[in-house]
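Asks: Contents are CSV, C-alpha atoms; file name final_7.csv:
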chain,number,residue,atom,x,y,z
H,827,MET,CA,103.6,114.9,93.1
H,828,ARG,CA,99.9,115.8,93.3
H,829,ARG,CA,99.3,115.3,97.0
H,830,GLY,CA,101.7,117.0,99.4
H,831,SER,CA,105.1,116.6,97.6
H,832,SER,CA,107.3,118.6,95.4
H,833,GLY,CA,107.0,118.4,91.6
H,834,THR,CA,109.0,115.4,90.5
H,835,ARG,CA,108.9,113.2,87.5
H,836,SER,CA,108.6,109.5,87.8
H,837,ARG,CA,111.3,107.4,86.3
H,838,GLY,CA,109.1,104.4,86.2
H,839,SER,CA,108.3,101.0,87.6
H,840,SER,CA,109.6,97.6,86.9
H,841,THR,CA,109.4,94.1,88.2
H,842,GLY,CA,112.3,91.7,88.3
H,843,SER,CA,113.0,88.3,90.0
H,844,LEU,CA,115.1,87.7,93.0
H,845,ARG,CA,116.5,84.5,94.7
H,846,ARG,CA,116.5,84.1,98.4
H,847,GLN,CA,119.1,81.9,100.1
H,848,ALA,CA,117.2,81.3,103.3
H,849,SER,CA,117.2,77.5,103.2
H,850,ARG,CA,118.0,74.6,101.0
H,851,THR,CA,115.3,75.5,98.6
H,852,SER,CA,115.5,78.9,96.8
H,853,PRO,CA,112.0,80.2,96.1
H,854,THR,CA,111.8,83.0,93.6
H,855,SER,CA,110.7,86.4,94.8
H,856,TYR,CA,109.8,89.4,92.6
H,857,LEU,CA,110.9,92.9,93.1
H,858,PHE,CA,108.7,95.9,92.2
H,859,SER,CA,110.7,99.2,91.8
H,860,PHE,CA,109.3,102.7,91.4
H,861,ARG,CA,111.8,105.5,91.2
H,862,LEU,CA,111.4,109.3,90.7
H,863,SER,CA,113.7,110.8,88.2
H,864,TYR,CA,114.5,114.2,89.7
H,865,SER,CA,114.6,113.4,93.4
H,866,GLY,CA,116.0,109.9,92.9
H,867,LYS,CA,113.6,108.7,95.6
H,868,ALA,CA,112.7,105.0,95.1
H,869,VAL,CA,110.3,102.5,96.6
H,870,HIS,CA,110.7,98.8,96.3
H,871,ARG,CA,108.4,95.9,97.3
H,872,VAL,CA,109.1,92.2,97.2
H,873,SER,CA,106.3,89.8,96.5
H,874,ALA,CA,105.9,86.1,95.9
H,875,SER,CA,104.4,86.6,92.4
H,876,CYS,CA,104.8,88.9,89.5
H,877,GLY,CA,101.1,88.9,88.6
H,878,GLN,CA,98.9,91.9,88.0
H,879,GLU,CA,97.8,92.0,91.7
H,880,ALA,CA,101.4,92.4,92.8
H,881,PHE,CA,101.9,95.0,90.1
H,882,PHE,CA,99.0,97.0,91.4
H,883,GLU,CA,100.0,96.5,95.1
H,884,GLY,CA,103.4,97.8,94.3
H,885,HIS,CA,102.0,101.0,92.8
H,886,VAL,CA,99.6,101.6,95.7
H,887,HIS,CA,102.5,101.1,98.2
H,888,ALA,CA,104.8,103.4,96.2
H,889,LEU,CA,102.2,106.1,95.8
H,890,ARG,CA,101.4,106.0,99.6
H,891,THR,CA,105.1,106.0,100.5
H,892,LEU,CA,105.9,108.9,98.2
H,893,GLY,CA,102.9,110.9,99.2
H,894,GLY,CA,100.9,110.9,95.9
H,895,VAL,CA,100.9,110.5,92.2
H,896,PRO,CA,103.7,112.1,90.1
H,897,ARG,CA,102.5,115.2,88.1
H,898,THR,CA,104.0,113.9,84.9
H,899,LYS,CA,104.0,110.5,83.1
H,900,VAL,CA,105.1,107.3,84.8
H,901,ARG,CA,107.5,105.3,82.6
H,902,HIS,CA,106.6,101.6,82.3
H,903,ASP,CA,108.3,98.6,80.9
H,904,ASN,CA,106.3,96.4,78.6
H,905,LEU,CA,104.8,94.2,81.3
H,906,LYS,CA,101.9,92.0,80.6
H,907,SER,CA,100.2,93.4,83.7
H,908,ALA,CA,99.8,96.7,81.9
H,909,ALA,CA,100.3,96.1,78.2
H,910,ALA,CA,98.3,93.4,76.6
H,911,GLN,CA,100.0,94.0,73.3
H,912,VAL,CA,103.0,96.0,72.1
H,913,LEU,CA,102.3,97.6,68.7
H,914,GLY,CA,105.5,97.5,66.7
H,915,LEU,CA,108.5,99.4,67.8
H,916,SER,CA,106.6,102.5,68.8
H,917,ARG,CA,105.3,103.5,72.2
H,918,ALA,CA,101.7,102.5,71.4
H,919,ARG,CA,100.2,99.7,73.5
H,920,VAL,CA,96.9,97.9,73.9
H,921,GLU,CA,96.4,98.1,77.6
H,922,THR,CA,94.6,95.6,79.8
H,923,ASP,CA,91.2,96.6,81.0
H,924,ARG,CA,92.2,96.3,84.7
H,925,TRP,CA,95.3,98.4,84.2
H,926,ILE,CA,93.2,101.1,82.4
H,927,ALA,CA,90.7,101.1,85.4
H,928,PHE,CA,93.5,101.2,88.0
H,929,ARG,CA,95.6,104.0,86.4
H,930,SER,CA,92.4,106.0,85.7
H,931,HIS,CA,91.4,105.7,89.4
H,932,PHE,CA,94.7,107.0,90.6
H,933,GLY,CA,95.2,109.5,87.7
H,934,ILE,CA,98.4,107.8,86.5
H,935,GLU,CA,99.5,108.8,83.0
H,936,SER,CA,101.6,106.1,81.5
H,937,PHE,CA,104.6,106.4,79.2
H,938,TYR,CA,105.7,103.1,77.7
H,939,CYS,CA,109.4,102.5,77.0
H,940,ARG,CA,110.4,101.4,73.6
H,941,PRO,CA,111.0,97.6,73.2
H,942,GLY,CA,114.4,96.2,72.5
H,943,ILE,CA,117.7,98.1,72.3
H,944,GLU,CA,116.0,101.4,71.4
H,945,GLY,CA,114.4,101.6,74.8
H,946,ALA,CA,117.2,100.1,76.9
H,947,HIS,CA,118.4,103.5,78.2
H,948,GLU,CA,114.9,104.8,79.1
H,949,LYS,CA,114.6,102.9,82.4
H,950,GLY,CA,118.2,103.1,83.5
H,951,GLY,CA,117.4,104.4,87.0
H,952,VAL,CA,115.2,101.4,87.7
H,953,GLU,CA,117.1,98.6,85.9
H,954,GLY,CA,120.7,100.0,86.0
Would you give me this structure, written as structure tokens?

Replies:
Amino acid sequence: MRRGSSGTRSRGSSTGSLRRQASRTSPTSYLFSFRLSYSGKAVHRVSASCGQEAFFEGHVHALRTLGGVPRTKVRHDNLKSAAAQVLGLSRARVETDRWIAFRSHFGIESFYCRPGIEGAHEKGGVEG
């Protein structure tokens, strides 16, 4: 981590949906997960949407909670909030302008997981 933490690598971030059973209706909530590979430390945040704002808020919350930005790359799934277009089966992505500005501001270096079965094992600590 860059600010005040030991050198750990980030496992990545992911967003998934949850169902709450608080009443007769079951609104959908979304879970943002950010996990460090070496230490296993994880930060989770539940939100009412899975939009880009929630994605950014999840990152800000995780970085504050963990004490800074990981020194190495952050693994990301192929979320529309970050990747506007997946280029074939490689790791190349066309990133959204807002994501480029956000990660540049925080100094986040992205590493995109491969789509499909080839990349299924790459985010196991977050999705497993």

Asks: Nearest to H:Glu948: which of H:Ser855, H:Asp903, H:Ala874, H:Phe932 is it, counting all atoms listed in the file?

Replies: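 That would be H:Asp903, the residue with the smallest distance to H:Glu948.
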
Asks: Any idea what the distance is between atom CA of H:Ile943 and atom CA of H:Val920?

Replies: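 So the two atoms, atom CA of H:Ile943 and atom CA of H:Val920, lie 20.9 Å apart.
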
Asks: Identify which of the residues H:Thr922, H:Ser863, H:Gln878, H:Thr891 lies closest to H:Ala910, counting all atoms listed in the file when measuring atom-to-atom distances.

Replies: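 Going through H:Thr922, H:Ser863, H:Gln878, H:Thr891 one by one, the smallest distance to H:Ala910 is for H:Thr922.
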
Asks: Just how far from atom CA of H:Glu883 is atom CA of H:Gly933, in Å to one decimal?

Replies: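 Computing the Euclidean distance for atom CA of H:Gly933 and atom CA of H:Glu883 yields 15.7 Å.
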
Asks: My list of candidates is H:Leu862, H:Val912, H:Ala880, H:Val886. Which is closest to H:Arg940 when distances are computed with only C-alpha atoms?

Replies: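 Result for the nearest residue to H:Arg940: H:Val912.
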
Asks: Give the answer as one residue: which of H:Ile926, H:Lys867, H:Gly945, H:Tyr938 has the shortest atom-to-atom distance to H:Pro896, using only C-alpha atoms?

Replies: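 That would be H:Lys867, the residue with the smallest distance to H:Pro896.
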
Asks: Suppose you want the space between atom CA of H:Ala908 and atom CA of H:Asp923; what is it in Å?

Replies: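 About the pair atom CA of H:Ala908 and atom CA of H:Asp923: they are 8.6 Å apart.
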
Asks: Counting all atoms listed in the file, which of H:Pro941, H:Glu879, H:Phe860, H:Leu892 gets nearest to H:Asn904?

Replies: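 Ranking H:Pro941, H:Glu879, H:Phe860, H:Leu892 by distance to H:Asn904, first place goes to H:Pro941.
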
Asks: With all atoms listed in the file as the basis for distance, which of H:Cys939, H:Ile934, H:Leu889, H:Val872 is at the shortest distance from H:Ala909?

Replies: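 Comparing H:Cys939, H:Ile934, H:Leu889, H:Val872 against H:Ala909, the winner is H:Cys939.
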
Asks: Quick one: residues within 8 Å of H:Gly884, all atoms listed in the file counted, chain neighbours fewer than 2 positions away excluded, as number ranges by chain?

Replies: H: 858-859, 870-871, 880-882, 886-888

Asks: Write out the residues from the selection above, keeping C-alpha atoms, as a PDB file, keeping the file's coordinate frame.

Replies:
ATOM      1  CA  PHE H 858     108.700  95.900  92.200  1.00  0.00           C
ATOM      2  CA  SER H 859     110.700  99.200  91.800  1.00  0.00           C
ATOM      3  CA  HIS H 870     110.700  98.800  96.300  1.00  0.00           C
ATOM      4  CA  ARG H 871     108.400  95.900  97.300  1.00  0.00           C
ATOM      5  CA  ALA H 880     101.400  92.400  92.800  1.00  0.00           C
ATOM      6  CA  PHE H 881     101.900  95.000  90.100  1.00  0.00           C
ATOM      7  CA  PHE H 882      99.000  97.000  91.400  1.00  0.00           C
ATOM      8  CA  VAL H 886      99.600 101.600  95.700  1.00  0.00           C
ATOM      9  CA  HIS H 887     102.500 101.100  98.200  1.00  0.00           C
ATOM     10  CA  ALA H 888     104.800 103.400  96.200  1.00  0.00           C
TER      11      ALA H 888
END

Asks: Counting only C-alpha atoms, find residues at most 8 Å from (102.6, 104.6, 88.0) (file frame) and give them as number ranges by chain.

Replies: H: 836, 838-839, 860, 885, 889, 895-896, 899-902, 929, 934-936
